[in-house]
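**Student:** The file below is structure-v8.csv, CSV, C-alpha atoms and all ligand atoms:
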```csv
chain,number,residue,atom,x,y,z
A,1,MET,CA,64.4,73.5,0.5
A,2,PRO,CA,62.1,74.3,3.4
A,3,THR,CA,62.0,77.9,4.5
A,4,GLU,CA,61.3,79.1,7.9
A,5,THR,CA,58.0,80.6,6.8
A,6,SER,CA,56.8,77.3,5.5
A,7,SER,CA,54.6,75.1,7.6
A,8,PHE,CA,55.2,72.3,5.2
A,9,ASP,CA,58.2,70.0,5.7
A,10,PRO,CA,59.1,68.4,2.3
A,11,VAL,CA,61.0,65.8,4.2
A,12,GLU,CA,57.7,64.4,5.1
A,13,VAL,CA,57.0,63.6,1.5
A,14,ALA,CA,58.8,60.3,1.4
A,15,ALA,CA,59.1,60.0,-2.3
A,16,LEU,CA,61.0,63.3,-2.6
A,17,GLN,CA,63.6,62.4,0.1
A,18,PRO,CA,67.1,62.3,-1.5
A,19,GLU,CA,67.8,58.9,-0.2
A,20,ASN,CA,64.6,57.5,-1.7
A,21,LEU,CA,65.3,59.2,-5.0
A,22,GLN,CA,68.8,57.8,-4.8
A,23,ARG,CA,67.4,54.3,-4.2
A,24,ASN,CA,65.1,54.6,-7.1
A,25,VAL,CA,68.0,55.7,-9.4
A,26,ASP,CA,70.1,52.8,-8.1
A,27,GLU,CA,67.4,50.3,-8.8
A,28,ALA,CA,66.8,51.7,-12.2
A,29,LEU,CA,70.5,51.7,-13.2
A,30,ALA,CA,70.8,48.1,-11.9
A,31,ALA,CA,67.8,46.9,-14.0
A,32,ILE,CA,69.1,48.8,-17.0
A,33,ALA,CA,72.6,47.2,-16.7
A,34,GLU,CA,71.0,43.8,-16.3
A,35,ALA,CA,68.8,44.1,-19.4
A,36,GLY,CA,70.3,41.6,-21.8
A,37,ASP,CA,68.3,42.5,-24.9
A,38,LEU,CA,66.1,45.1,-26.2
A,39,ASP,CA,62.9,43.5,-24.9
A,40,ALA,CA,64.3,43.4,-21.4
A,41,LEU,CA,65.4,47.0,-21.7
A,42,LYS,CA,61.9,47.9,-22.8
A,43,SER,CA,60.3,46.5,-19.7
A,44,ALA,CA,63.0,48.1,-17.5
A,45,ARG,CA,62.1,51.4,-19.1
A,46,LEU,CA,58.5,50.9,-18.3
A,47,THR,CA,59.1,50.0,-14.7
A,48,HIS,CA,61.7,52.7,-13.9
A,49,ALA,CA,61.0,55.5,-16.3
A,50,GLY,CA,57.4,54.9,-17.3
A,51,ASP,CA,54.3,57.0,-16.1
A,52,ARG,CA,53.9,54.8,-13.1
A,53,SER,CA,57.5,54.5,-12.1
A,54,ALA,CA,58.6,55.7,-8.6
A,55,LEU,CA,60.4,58.7,-10.2
A,56,ALA,CA,57.4,59.7,-12.2
A,57,LEU,CA,55.2,59.6,-9.1
A,58,ALA,CA,57.8,61.6,-7.2
A,59,ASN,CA,57.7,64.2,-10.0
A,60,ARG,CA,54.0,64.5,-9.5
A,61,GLU,CA,54.4,65.1,-5.8
A,62,ILE,CA,56.3,68.4,-6.6
A,63,ALA,CA,53.1,70.1,-7.5
A,64,ALA,CA,51.8,69.5,-4.0
A,65,LEU,CA,54.8,71.3,-2.4
A,66,PRO,CA,54.6,74.9,-1.3
A,67,PRO,CA,56.1,77.1,-4.0
A,68,ALA,CA,59.3,77.8,-2.1
A,69,ALA,CA,60.2,74.1,-1.9
A,70,ARG,CA,59.4,73.2,-5.5
A,71,ALA,CA,62.6,74.4,-7.1
A,72,ALA,CA,65.0,72.3,-5.0
A,73,ALA,CA,62.8,69.2,-5.2
A,74,GLY,CA,62.3,69.7,-8.9
A,75,GLN,CA,66.0,69.8,-9.4
A,76,ARG,CA,66.6,66.6,-7.4
A,77,VAL,CA,63.9,64.7,-9.2
A,78,GLY,CA,65.0,66.1,-12.6
A,79,ALA,CA,68.6,65.1,-12.0
A,80,SER,CA,67.5,61.6,-10.9
A,81,ARG,CA,65.3,61.1,-14.0
A,82,GLY,CA,68.0,62.5,-16.2
A,83,ARG,CA,70.5,59.9,-14.9
A,84,VAL,CA,68.0,57.1,-15.6
A,85,ARG,CA,67.2,58.5,-19.1
A,86,GLU,CA,70.8,58.8,-20.0
A,87,ALA,CA,71.5,55.2,-18.8
A,88,LEU,CA,68.6,54.0,-20.8
A,89,GLU,CA,69.8,55.7,-24.0
A,90,ARG,CA,73.3,54.3,-23.5
A,91,ARG,CA,72.1,50.8,-23.0
A,92,GLN,CA,69.7,51.1,-25.9
A,93,ALA,CA,72.5,52.1,-28.2
A,94,GLU,CA,74.7,49.2,-26.9
A,95,LEU,CA,72.0,46.6,-27.3
A,96,GLU,CA,71.1,47.8,-30.8
A,97,LEU,CA,74.7,47.5,-31.9
A,98,GLU,CA,74.8,44.0,-30.4
A,99,ARG,CA,71.6,43.0,-32.2
A,100,ASP,CA,72.8,44.4,-35.6
A,101,ALA,CA,76.1,42.5,-35.3
A,102,ARG,CA,74.2,39.3,-34.4
A,103,VAL,CA,71.7,39.7,-37.3
A,104,LEU,CA,74.6,40.2,-39.7
A,105,VAL,CA,76.1,36.8,-38.6
A,106,GLU,CA,72.8,34.9,-38.3
A,107,GLU,CA,71.3,36.1,-41.5
A,108,SER,CA,74.3,36.0,-43.7
A,109,VAL,CA,74.2,33.8,-46.7
A,110,ASP,CA,77.0,31.4,-47.4
A,111,VAL,CA,77.4,31.6,-51.1
A,112,THR,CA,79.8,28.6,-51.0
A,113,LEU,CA,77.1,26.2,-49.9
A,114,PRO,CA,76.0,23.6,-52.5
A,115,TRP,CA,72.9,24.9,-54.2
A,116,ASP,CA,71.6,21.8,-56.1
A,117,ARG,CA,70.6,19.5,-53.3
A,118,ARG,CA,67.1,19.5,-54.6
A,119,PRO,CA,67.5,19.2,-58.4
A,120,ILE,CA,65.2,21.3,-60.5
A,121,GLY,CA,62.8,19.3,-62.6
A,122,ALA,CA,62.9,18.8,-66.3
A,123,ARG,CA,60.2,19.2,-68.9
A,124,HIS,CA,59.0,15.9,-70.3
A,125,PRO,CA,60.7,15.1,-73.6
A,126,LEU,CA,57.3,14.4,-75.2
A,127,THR,CA,56.3,18.0,-74.5
A,128,THR,CA,59.6,19.3,-75.9
A,129,ILE,CA,59.2,17.3,-79.1
A,130,GLN,CA,55.6,18.6,-79.5
A,131,GLU,CA,56.9,22.1,-79.1
A,132,LEU,CA,59.7,21.5,-81.6
A,133,PHE,CA,57.1,20.3,-84.1
A,134,ALA,CA,55.0,23.3,-83.4
A,135,ASP,CA,58.0,25.6,-83.9
A,136,VAL,CA,58.9,24.0,-87.3
A,137,PHE,CA,55.4,24.6,-88.5
A,138,THR,CA,54.7,28.0,-87.1
A,139,ALA,CA,58.0,29.1,-88.8
A,140,MET,CA,56.2,28.1,-92.1
A,141,GLY,CA,53.1,30.1,-91.3
A,142,TYR,CA,51.0,27.4,-89.8
A,143,GLU,CA,48.8,27.9,-86.7
A,144,VAL,CA,48.5,25.5,-83.8
A,145,ALA,CA,44.9,24.2,-83.4
A,146,GLU,CA,43.5,22.3,-80.5
A,147,GLY,CA,40.5,20.0,-79.9
A,148,PRO,CA,39.0,18.1,-77.0
A,149,GLU,CA,40.3,14.8,-75.7
A,150,LEU,CA,36.7,13.7,-75.0
A,151,GLU,CA,35.4,13.8,-78.5
A,152,ALA,CA,32.0,13.4,-80.2
A,153,GLU,CA,31.9,10.1,-82.1
A,154,TRP,CA,30.7,12.1,-85.1
A,155,PHE,CA,34.0,14.1,-85.2
A,156,ASN,CA,36.2,11.1,-84.4
A,157,PHE,CA,34.6,8.9,-87.0
A,158,ASP,CA,31.6,10.0,-89.1
A,159,ALA,CA,33.0,13.3,-90.3
A,160,LEU,CA,36.2,11.5,-91.3
A,161,ASN,CA,34.3,9.0,-93.5
A,162,ILE,CA,34.7,6.2,-91.0
A,163,GLY,CA,31.4,4.3,-91.3
A,164,VAL,CA,29.7,2.5,-88.4
A,165,ASP,CA,31.1,-0.8,-89.5
A,166,HIS,CA,34.7,0.3,-89.8
A,167,PRO,CA,37.0,-1.8,-87.7
A,168,ALA,CA,38.5,1.4,-86.1
A,169,ARG,CA,35.1,1.9,-84.5
A,170,SER,CA,34.9,-1.5,-82.8
A,171,LEU,CA,35.3,-1.9,-79.1
A,172,MET,CA,38.8,-3.3,-79.7
A,173,ASP,CA,40.4,0.1,-80.2
A,174,THR,CA,38.1,2.7,-78.8
A,175,PHE,CA,37.4,3.8,-75.3
A,176,PHE,CA,33.6,4.6,-75.4
A,177,VAL,CA,32.3,6.8,-72.7
A,178,GLN,CA,29.2,5.8,-70.8
A,179,ALA,CA,26.2,8.1,-70.8
A,180,ALA,CA,25.1,9.7,-67.6
A,181,ASP,CA,22.2,7.2,-67.4
A,182,GLY,CA,24.6,4.3,-67.5
A,183,SER,CA,23.8,3.3,-71.1
A,184,ALA,CA,26.7,2.6,-73.4
A,185,ASP,CA,25.6,5.1,-76.0
A,186,SER,CA,26.7,8.5,-75.0
A,187,GLY,CA,28.0,9.4,-78.5
A,188,ILE,CA,31.3,10.4,-76.8
A,189,VAL,CA,34.6,8.7,-77.1
A,190,LEU,CA,38.2,9.3,-75.9
A,191,ARG,CA,39.6,10.5,-79.2
A,192,THR,CA,41.5,7.7,-81.0
A,193,HIS,CA,43.5,10.1,-83.1
A,194,THR,CA,44.0,13.8,-83.6
A,195,SER,CA,42.2,13.8,-87.0
A,196,PRO,CA,38.9,15.0,-85.5
A,197,VAL,CA,40.7,18.3,-85.1
A,198,GLN,CA,40.8,18.4,-89.0
A,199,ALA,CA,37.0,18.3,-89.1
A,200,ARG,CA,36.7,20.9,-86.3
A,201,THR,CA,39.1,23.2,-88.0
A,202,MET,CA,37.5,22.9,-91.4
A,203,LEU,CA,34.1,23.7,-89.9
A,204,SER,CA,35.3,26.7,-87.9
A,205,ARG,CA,37.7,28.3,-90.4
A,206,THR,CA,37.6,29.2,-94.1
A,207,PRO,CA,40.4,28.2,-96.4
A,208,PRO,CA,43.3,28.8,-96.8
A,209,ILE,CA,43.9,26.6,-93.7
A,210,TYR,CA,47.4,25.7,-92.5
A,211,VAL,CA,47.3,24.1,-89.0
A,212,VAL,CA,49.1,21.5,-86.9
A,213,CYS,CA,47.6,20.0,-83.8
A,214,PRO,CA,49.7,18.1,-81.2
A,215,GLY,CA,47.7,16.2,-78.6
A,216,LYS,CA,46.9,13.2,-76.5
A,217,VAL,CA,45.0,10.2,-78.0
A,218,PHE,CA,43.7,7.0,-76.5
A,219,ARG,CA,43.4,3.4,-77.7
A,220,THR,CA,42.6,0.2,-75.8
A,221,ASP,CA,46.2,-1.1,-76.0
A,222,GLU,CA,48.0,-2.8,-73.2
A,223,LEU,CA,51.1,-0.9,-72.0
A,224,ASP,CA,54.3,-2.6,-73.3
A,225,ALA,CA,57.6,-1.6,-74.9
A,226,THR,CA,55.9,-0.4,-78.1
A,227,HIS,CA,52.3,0.4,-77.1
A,228,THR,CA,50.6,2.6,-74.6
A,229,PRO,CA,46.9,3.3,-74.2
A,230,VAL,CA,47.6,7.0,-74.0
A,231,PHE,CA,49.9,8.4,-76.5
A,232,HIS,CA,50.4,11.6,-78.6
A,233,GLN,CA,50.1,12.5,-82.2
A,234,LEU,CA,50.9,15.5,-84.3
A,235,GLU,CA,48.2,16.2,-86.9
A,236,GLY,CA,48.7,18.5,-89.9
A,237,LEU,CA,46.1,19.9,-92.2
A,238,VAL,CA,46.4,22.1,-95.2
A,239,ILE,CA,43.5,23.2,-97.4
A,240,ASP,CA,44.1,25.7,-100.2
A,241,GLU,CA,43.7,26.1,-103.9
A,242,GLY,CA,45.9,23.9,-106.0
A,243,ILE,CA,47.4,21.7,-103.2
A,244,THR,CA,48.9,18.5,-104.5
A,245,MET,CA,50.7,15.5,-103.1
A,246,ALA,CA,54.0,17.1,-104.0
A,247,HIS,CA,53.3,19.7,-101.4
A,248,LEU,CA,52.6,16.9,-98.9
A,249,LYS,CA,55.9,15.2,-99.7
A,250,GLY,CA,57.9,18.4,-99.5
A,251,THR,CA,56.3,19.3,-96.2
A,252,LEU,CA,57.0,15.8,-94.7
A,253,ASP,CA,60.6,15.9,-95.9
A,254,HIS,CA,61.1,19.3,-94.3
A,255,MET,CA,59.5,18.1,-91.1
A,256,ALA,CA,61.6,14.9,-91.1
A,257,GLN,CA,64.8,16.8,-91.6
A,258,ALA,CA,64.0,19.3,-88.9
A,259,MET,CA,63.4,16.5,-86.5
A,260,PHE,CA,66.1,14.0,-87.4
A,261,GLY,CA,68.8,15.9,-89.2
A,262,PRO,CA,69.5,17.0,-92.8
A,263,ASP,CA,70.5,13.5,-94.1
A,264,THR,CA,67.0,12.1,-93.4
A,265,VAL,CA,65.4,10.3,-96.3
A,266,THR,CA,61.6,9.6,-96.5
A,267,ARG,CA,59.4,7.7,-98.7
A,268,LEU,CA,55.6,7.5,-99.2
A,269,ARG,CA,54.3,3.9,-99.1
A,270,PRO,CA,50.7,3.5,-100.5
A,271,SER,CA,48.2,2.8,-97.7
A,272,TYR,CA,44.5,3.3,-96.9
A,273,PHE,CA,42.8,5.7,-94.5
A,274,PRO,CA,39.0,6.5,-94.9
A,275,PHE,CA,39.6,10.2,-94.7
A,276,THR,CA,42.4,10.6,-97.2
A,277,GLU,CA,42.5,9.6,-100.9
A,278,PRO,CA,45.0,8.7,-102.0
A,279,SER,CA,46.6,7.7,-98.7
A,280,ALA,CA,50.2,6.8,-97.8
A,281,GLU,CA,52.4,6.0,-94.9
A,282,PRO,CA,55.5,8.1,-94.6
A,283,ASP,CA,58.5,5.9,-93.8
A,284,LEU,CA,62.0,7.1,-92.7
A,285,LEU,CA,65.1,5.4,-94.1
A,286,CYS,CA,66.5,3.5,-91.1
A,287,PHE,CA,69.3,5.7,-89.7
A,288,VAL,CA,71.0,2.8,-88.1
A,289,CYS,CA,71.6,0.5,-91.1
A,290,ARG,CA,70.5,3.0,-93.8
A,291,GLY,CA,68.9,0.0,-95.6
A,292,ASP,CA,72.0,-2.2,-95.7
A,293,SER,CA,70.4,-4.9,-93.6
A,294,VAL,CA,67.8,-5.6,-96.2
A,295,GLY,CA,68.4,-9.0,-97.8
A,296,ASN,CA,71.6,-9.2,-95.8
A,297,PRO,CA,71.2,-11.8,-93.0
A,298,ASP,CA,74.8,-11.3,-91.9
A,299,ARG,CA,74.0,-7.7,-90.8
A,300,PRO,CA,70.6,-7.7,-89.2
A,301,CYS,CA,69.2,-4.4,-87.9
A,302,ARG,CA,67.2,-4.3,-84.7
A,303,THR,CA,66.0,-0.7,-85.3
A,304,CYS,CA,64.1,-1.4,-88.5
A,305,GLY,CA,63.8,-5.2,-88.1
A,306,SER,CA,65.9,-5.4,-91.3
A,307,GLU,CA,63.2,-3.7,-93.3
A,308,GLY,CA,65.4,-0.8,-94.1
A,309,TRP,CA,62.5,1.7,-93.4
A,310,ILE,CA,60.7,2.8,-90.3
A,311,GLU,CA,57.0,3.6,-90.2
A,312,TRP,CA,56.4,7.1,-89.0
A,313,GLY,CA,52.7,7.9,-89.4
A,314,GLY,CA,49.8,8.3,-91.9
A,315,CYS,CA,49.0,10.9,-94.5
A,316,GLY,CA,47.2,11.6,-97.7
A,317,MET,CA,45.1,14.0,-99.7
A,318,VAL,CA,41.9,15.0,-97.8
A,319,ASN,CA,39.1,12.8,-99.1
A,320,PRO,CA,36.6,15.1,-101.0
A,321,ARG,CA,33.8,13.4,-99.0
A,322,VAL,CA,35.4,14.8,-95.8
A,323,LEU,CA,35.8,18.2,-97.4
A,324,ARG,CA,32.1,18.2,-98.3
A,325,ALA,CA,31.0,16.9,-94.8
A,326,CYS,CA,32.9,19.9,-93.4
A,327,GLY,CA,31.4,22.5,-95.8
A,328,ILE,CA,34.4,23.0,-98.1
A,329,ASP,CA,33.9,22.9,-101.9
A,330,PRO,CA,36.1,20.1,-103.3
A,331,GLU,CA,35.9,21.6,-106.8
A,332,ARG,CA,37.7,24.7,-105.6
A,333,TYR,CA,39.9,23.4,-102.8
A,334,SER,CA,42.1,20.5,-102.1
A,335,GLY,CA,44.3,19.6,-99.2
A,336,PHE,CA,46.6,17.2,-97.5
A,337,ALA,CA,46.7,15.8,-93.9
A,338,PHE,CA,49.2,13.8,-91.9
A,339,GLY,CA,49.4,12.3,-88.5
A,340,MET,CA,52.6,11.3,-86.7
A,341,GLY,CA,53.1,9.4,-83.5
A,342,ILE,CA,55.1,11.6,-81.1
A,343,GLU,CA,56.3,8.6,-79.0
A,344,ARG,CA,57.5,6.9,-82.1
A,345,THR,CA,59.3,10.1,-83.1
A,346,MET,CA,61.0,10.2,-79.7
A,347,MET,CA,62.0,6.6,-80.0
A,348,PHE,CA,63.8,7.2,-83.2
A,349,ARG,CA,65.1,10.7,-82.4
A,350,ASN,CA,66.4,10.0,-78.9
A,351,ALA,CA,67.0,6.2,-79.1
A,352,ALA,CA,64.4,5.7,-76.4
A,353,GLU,CA,63.7,2.0,-76.8
A,354,ASP,CA,60.9,1.4,-74.3
A,355,MET,CA,57.6,3.4,-74.4
A,356,ARG,CA,57.0,2.5,-70.7
A,357,ASP,CA,59.8,4.9,-69.8
A,358,MET,CA,57.8,7.7,-71.3
A,359,VAL,CA,54.8,7.2,-69.1
A,360,GLU,CA,56.3,6.2,-65.8
A,361,GLY,CA,57.4,9.6,-64.8
A,362,ASP,CA,60.9,8.7,-63.6
A,363,VAL,CA,62.7,12.0,-63.4
A,364,ARG,CA,66.0,10.3,-64.4
A,365,PHE,CA,64.5,9.6,-67.8
A,366,THR,CA,63.0,13.1,-68.2
A,367,ALA,CA,66.2,14.8,-67.1
A,368,ALA,CA,68.2,12.9,-69.7
A,369,PHE,CA,66.3,14.6,-72.5
A,370,GLY,CA,64.5,17.4,-70.8
A,371,MET,CA,67.1,20.1,-71.0
A,372,GLU,CA,67.2,20.2,-74.8
A,373,SER,CA,66.1,23.5,-76.1
A,401,LIG,N1,44.7,9.5,-88.0
A,401,LIG,C1,45.5,8.5,-88.6
A,401,LIG,C2,45.9,7.5,-87.5
A,401,LIG,O1,45.8,7.8,-86.3
A,401,LIG,C3,46.8,9.1,-89.2
A,401,LIG,C4,46.5,9.9,-90.4
A,401,LIG,C5,46.4,11.3,-90.2
A,401,LIG,C6,46.3,9.4,-91.6
A,401,LIG,C7,46.1,12.2,-91.2
A,401,LIG,C8,46.1,10.3,-92.7
A,401,LIG,C9,46.0,11.6,-92.5
A,401,LIG,O2,46.3,6.4,-87.8
```
Would you encode the structure as C-alpha cells?
**Tutor:**
Amino acid sequence: MPTETSSFDPVEVAALQPENLQRNVDEALAAIAEAGDLDALKSARLTHAGDRSALALANREIAALPPAARAAAGQRVGASRGRVREALERRQAELELERDARVLVEESVDVTLPWDRRPIGARHPLTTIQELFADVFTAMGYEVAEGPELEAEWFNFDALNIGVDHPARSLMDTFFVQAADGSADSGIVLRTHTSPVQARTMLSRTPPIYVVCPGKVFRTDELDATHTPVFHQLEGLVIDEGITMAHLKGTLDHMAQAMFGPDTVTRLRPSYFPFTEPSAEPDLLCFVCRGDSVGNPDRPCRTCGSEGWIEWGGCGMVNPRVLRACGIDPERYSGFAFGMGIERTMMFRNAAEDMRDMVEGDVRFTAAFGMES
C-alpha cells in the first residue's frame, strides 16, 4: 500500500490495480472452465498462467515498486496467481479422469466378437506329405538332401547312365534351358527327376549314405487330371556294404505302411531304368478293390482300372556304372534307390482325383487337407 512518504502511487501501475487483477483472474477461470480437453487446457494455461500472461507481467511490475508498496502488491498478485493455478490443477485432474474413462471404453476389446472373419491359411498338402516322408526316413537315420531345380544335363542324364540317344533326353520330355547367347545348348535343363541328387550326393559324401530328397521336377506334359508339367518326387538313396534288394523291399514296405496304413501291401514289378540294375516298379495293392476287380467284369474298379495294383514309382539297385561315375567302388559298396511321385501319393492317400486341384491354389482344396499334422 502507498505510504505517505512515497512519491510513487502504485495505483498508477495499471497491471497491479485490484480490479485489473480481478479481471485477469476472471478471464483465466472462464477459459479454464471452458477447456473441454487437455489440449485446450494446455493452451489456456499458456495464455493465462504462462510467462507472458497478464498475471506474470503484473508480477514483474512488483519489482519496480518502491519497497514499501511491494508486500501488498505481491500479496494481491500472489493470491490471484494462486487462484488460477488451483483452478488449472482442478480442471487438469477432471479432464484426465474423463480421458482415462474414455480410453477405457474406446480401447476395450470385445472378446465376444467373431475372430475368424479372415480364415488363416493352410499349408499345401503336397508340402505336408513331403514332410511326412522326410519324418519317416529321418526316424530311420536318413538325412534329407537337396539339389538344384536348374540342373546340369550331366547330372540329370549322363551321370545316371542315360546316354545321349536315350528317349528321356529327347525334346518330348525335357525342358532345355537356352544359353545366354540364345543357342539351345546351355547344358542346363529343368531337372526331369530327383535322381540327379543321387549323383550329387555320392560325389559329395562318402558311404555309408542314407538320404532322401523331396523336390520339384519338370516335364513337358500338358496339365490334365493325371499330368502336370511341374510335379514332385521323393528320391531315396542308400549306399553301404552288403545292401541287397531285400533291404529295398523292406524299406518300401515300411514307407508304404507309414503313408497308407498298416494293411498296405506292395509288390515289385520288374522294370528298366538306366541307373538301376536290376530295376523294378513298386506297386500298391489297390486299397479300393484289393484286387477283387481283376478278371471280374461285374465289379470294375476305377481306382486301379481293374488292374488290382497301382503304380507308385521306380526303384532298383544302383547300377555299378553309376557308382563308378560317382567315385564309389562297386566291389565294396552296393546300394538301392527309389523315386516316388508325391502327387500320385497324395491322390491315393487323400482320394484327390484331379491333379489340377493341386496346382490351382484354391484355398478350399488346401484347407481340406492342410491341417493334418
Ligand atoms: N527317376 C525315376 C523316374 O523319375 C524313378 C527312379 C528313381 C527309378 C530311383 C529308380 C530309382 O522315373
**Student:** Near Thr244 (chain A), counting all atoms listed in the file, which residues have an atom at most 12 Å away, once you skip same-chain residues fewer than 4 positions from it, shown as a list in words?
**Tutor:**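 What passes the distance filter is Val238, Ile239, Asp240, Leu248, Lys249, Gly250, Thr251, Glu277, Pro278, Gly316, Met317, Val318, Tyr333, Ser334, Gly335, Phe336 and Ala337 of chain A.
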**Student:** Please report, as JSON lines, each residue of region 204-264 of chain A lying at most 10 Å from region 128-140 of chain A, together with the nearest pair of atoms and the separation in Å rounded to one decimal; use all atoms listed in the file, and order rows by chain and ascending residue number.
**Tutor:**
```
{"residue": "A:Tyr210", "atom": "CA", "partner": "A:Phe137", "partner_atom": "CA", "distance": 9.0}
{"residue": "A:Val211", "atom": "CA", "partner": "A:Phe137", "partner_atom": "CA", "distance": 8.1}
{"residue": "A:Val212", "atom": "CA", "partner": "A:Ala134", "partner_atom": "CA", "distance": 7.1}
{"residue": "A:Cys213", "atom": "CA", "partner": "A:Ala134", "partner_atom": "CA", "distance": 8.1}
{"residue": "A:Pro214", "atom": "CA", "partner": "A:Gln130", "partner_atom": "CA", "distance": 6.2}
{"residue": "A:Gly215", "atom": "CA", "partner": "A:Gln130", "partner_atom": "CA", "distance": 8.3}
{"residue": "A:His232", "atom": "CA", "partner": "A:Gln130", "partner_atom": "CA", "distance": 8.8}
{"residue": "A:Gln233", "atom": "CA", "partner": "A:Gln130", "partner_atom": "CA", "distance": 8.6}
{"residue": "A:Leu234", "atom": "CA", "partner": "A:Gln130", "partner_atom": "CA", "distance": 7.4}
{"residue": "A:Gly236", "atom": "CA", "partner": "A:Phe137", "partner_atom": "CA", "distance": 9.2}
{"residue": "A:Thr251", "atom": "CA", "partner": "A:Phe137", "partner_atom": "CA", "distance": 9.4}
{"residue": "A:His254", "atom": "CA", "partner": "A:Val136", "partner_atom": "CA", "distance": 8.7}
{"residue": "A:Met255", "atom": "CA", "partner": "A:Val136", "partner_atom": "CA", "distance": 7.0}
{"residue": "A:Ala256", "atom": "CA", "partner": "A:Phe133", "partner_atom": "CA", "distance": 9.9}
{"residue": "A:Ala258", "atom": "CA", "partner": "A:Val136", "partner_atom": "CA", "distance": 7.1}
{"residue": "A:Met259", "atom": "CA", "partner": "A:Phe133", "partner_atom": "CA", "distance": 7.7}
```
**Student:** Go ahead and dump the residues you just picked, C-alpha atoms, as a compact mmCIF listing (two decimals), in the coordinates of the input.
**Tutor:**
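The result, written out as again_31.txt:
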```
# COMPACT_ATOMS: atom_id res chain seq x y z
CA TYR A 210 47.40 25.70 -92.50
CA VAL A 211 47.30 24.10 -89.00
CA VAL A 212 49.10 21.50 -86.90
CA CYS A 213 47.60 20.00 -83.80
CA PRO A 214 49.70 18.10 -81.20
CA GLY A 215 47.70 16.20 -78.60
CA HIS A 232 50.40 11.60 -78.60
CA GLN A 233 50.10 12.50 -82.20
CA LEU A 234 50.90 15.50 -84.30
CA GLY A 236 48.70 18.50 -89.90
CA THR A 251 56.30 19.30 -96.20
CA HIS A 254 61.10 19.30 -94.30
CA MET A 255 59.50 18.10 -91.10
CA ALA A 256 61.60 14.90 -91.10
CA ALA A 258 64.00 19.30 -88.90
CA MET A 259 63.40 16.50 -86.50
```
**Student:** Counting all atoms listed in the file, which protein, DNA or RNA residues come within 6 Å of ligand LIG 401 (chain A), given as a VMD selection string?
**Tutor:** chain A and resid 193 195 273 276 314 to 316 337 to 339
**Student:** Excluding same-chain residues fewer than 4 positions from region 161-167 of chain A, what lies within 6 Å of it counting all atoms listed in the file, as a list in words?
**Tutor:**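 Residues near the query, excluding close chain neighbours: Phe157, Pro274 and Phe275 of chain A.
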**Student:** Find the residues of region 70-138 of chain A that sit at most 12 Å from region 348-362 of chain A; for each, write down the nearest two atoms and how far apart they are in Å, to one decimal. Count all atoms listed in the file. Sort by chain, then by number going up, and give it as a tab-separated table.
**Tutor:**
```
residue	atom	partner	partner_atom	distance
A:Gly121	CA	A:Asp362	CA	10.8
A:Ala122	CA	A:Asp362	CA	10.6
A:Arg123	CA	A:Gly361	CA	10.8
A:His124	CA	A:Met358	CA	8.3
A:Pro125	CA	A:Met358	CA	8.3
A:Leu126	CA	A:Met358	CA	7.8
A:Thr127	CA	A:Met358	CA	10.9
A:Thr128	CA	A:Asn350	CA	11.9
A:Ile129	CA	A:Arg349	CA	9.4
```
**Student:** Grab the CA of Thr192 (chain A) to CA of Met245 (chain A) distance for me, in Å with one decimal place.
**Tutor:** 25.2 Å
**Student:** Would you compute the distance between CA of Gly147 (chain A) and CA of Ile188 (chain A)? Give it in Å to one decimal.
**Tutor:**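 Spanning CA of Gly147 (chain A) to CA of Ile188 (chain A) is a straight-line distance of 13.7 Å.
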**Student:** Residues within 9 Å of region 304-311 of chain A, please, as a list in words. Count all atoms listed in the file; anything in the same chain fewer than 3 positions from it doesn't count.
**Tutor:**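 Neighbouring residues, sequence-local ones excluded: Thr266, Arg267, Glu281, Pro282, Asp283, Leu284, Leu285, Cys286, Phe287, Val288, Cys289, Arg290, Gly291, Asp292, Ser293, Val294, Gly295, Asn296, Pro297, Arg299, Pro300, Cys301, Gly314, Arg344 and Phe348 of chain A.
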**Student:** If you measure from CA of Ala44 (chain A) to CA of Ala30 (chain A), what distance in Å do you get, rounded to one decimal?
**Tutor:**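 That distance, rounded to one decimal, is 9.6 Å.
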**Student:** Residues of region 136-199 of chain A within 7 Å of region 218-221 of chain A: nearest atom pair and distance (Å, one decimal) for each, counting all atoms listed in the file, sorted by chain and number, as a tab-separated table?
**Tutor:**
```
residue	atom	partner	partner_atom	distance
A:Met172	CA	A:Thr220	CA	6.5
A:Asp173	CA	A:Thr220	CA	4.9
A:Thr174	CA	A:Arg219	CA	5.5
A:Phe175	CA	A:Thr220	CA	6.3
A:Leu190	CA	A:Phe218	CA	6.0
A:Arg191	CA	A:Phe218	CA	6.0
A:Thr192	CA	A:Phe218	CA	5.1
```
**Student:** Using all atoms listed in the file, which residues sit within 6 Å of region 56-58 of chain A once same-chain residues fewer than 4 positions away are excluded, as a ChimeraX atom specification?
**Tutor:** /A:15-16,51
**Student:** In terms of the shortest atom-to-atom distance over only C-alpha atoms, which of A:Met346, A:Ala368, A:Ala71, A:Ala159 is closest to Leu203 (chain A)?
**Tutor:**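 Of A:Met346, A:Ala368, A:Ala71, A:Ala159, the one nearest Leu203 (chain A) is A:Ala159, counting only C-alpha atoms.
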**Student:** Excluding Asn24 (chain A) and any residue of its chain fewer than 5 positions from it, enumerate the residues within 10 Å of it, using all atoms listed in the file, and give them as an MDAnalysis selection string.
**Tutor:** chainID A and resid 15 18:19 29:30 48 53:55 80:81 84
**Student:** Quick one: of A:Thr112, A:Thr194, A:Thr366, A:Asn156, who's nearest to Leu237 (chain A), counting all atoms listed in the file?
**Tutor:**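 Under the stated criterion, the closest residue is A:Thr194.
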**Student:** Considering only C-alpha atoms, can you say which of A:Val77, A:Glu241, A:Glu235, A:Glu34 comes closest to Asn20 (chain A)?
**Tutor:**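 Nearest candidate to Asn20 (chain A) out of A:Val77, A:Glu241, A:Glu235, A:Glu34: A:Val77.
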**Student:** Between A:Gly82, A:Gly261, A:Pro229, A:Gly341, which residue has the minimum interatomic distance to Ala28 (chain A), considering all atoms listed in the file?
**Tutor:**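 Distance minimum relative to Ala28 (chain A) lands on A:Gly82.
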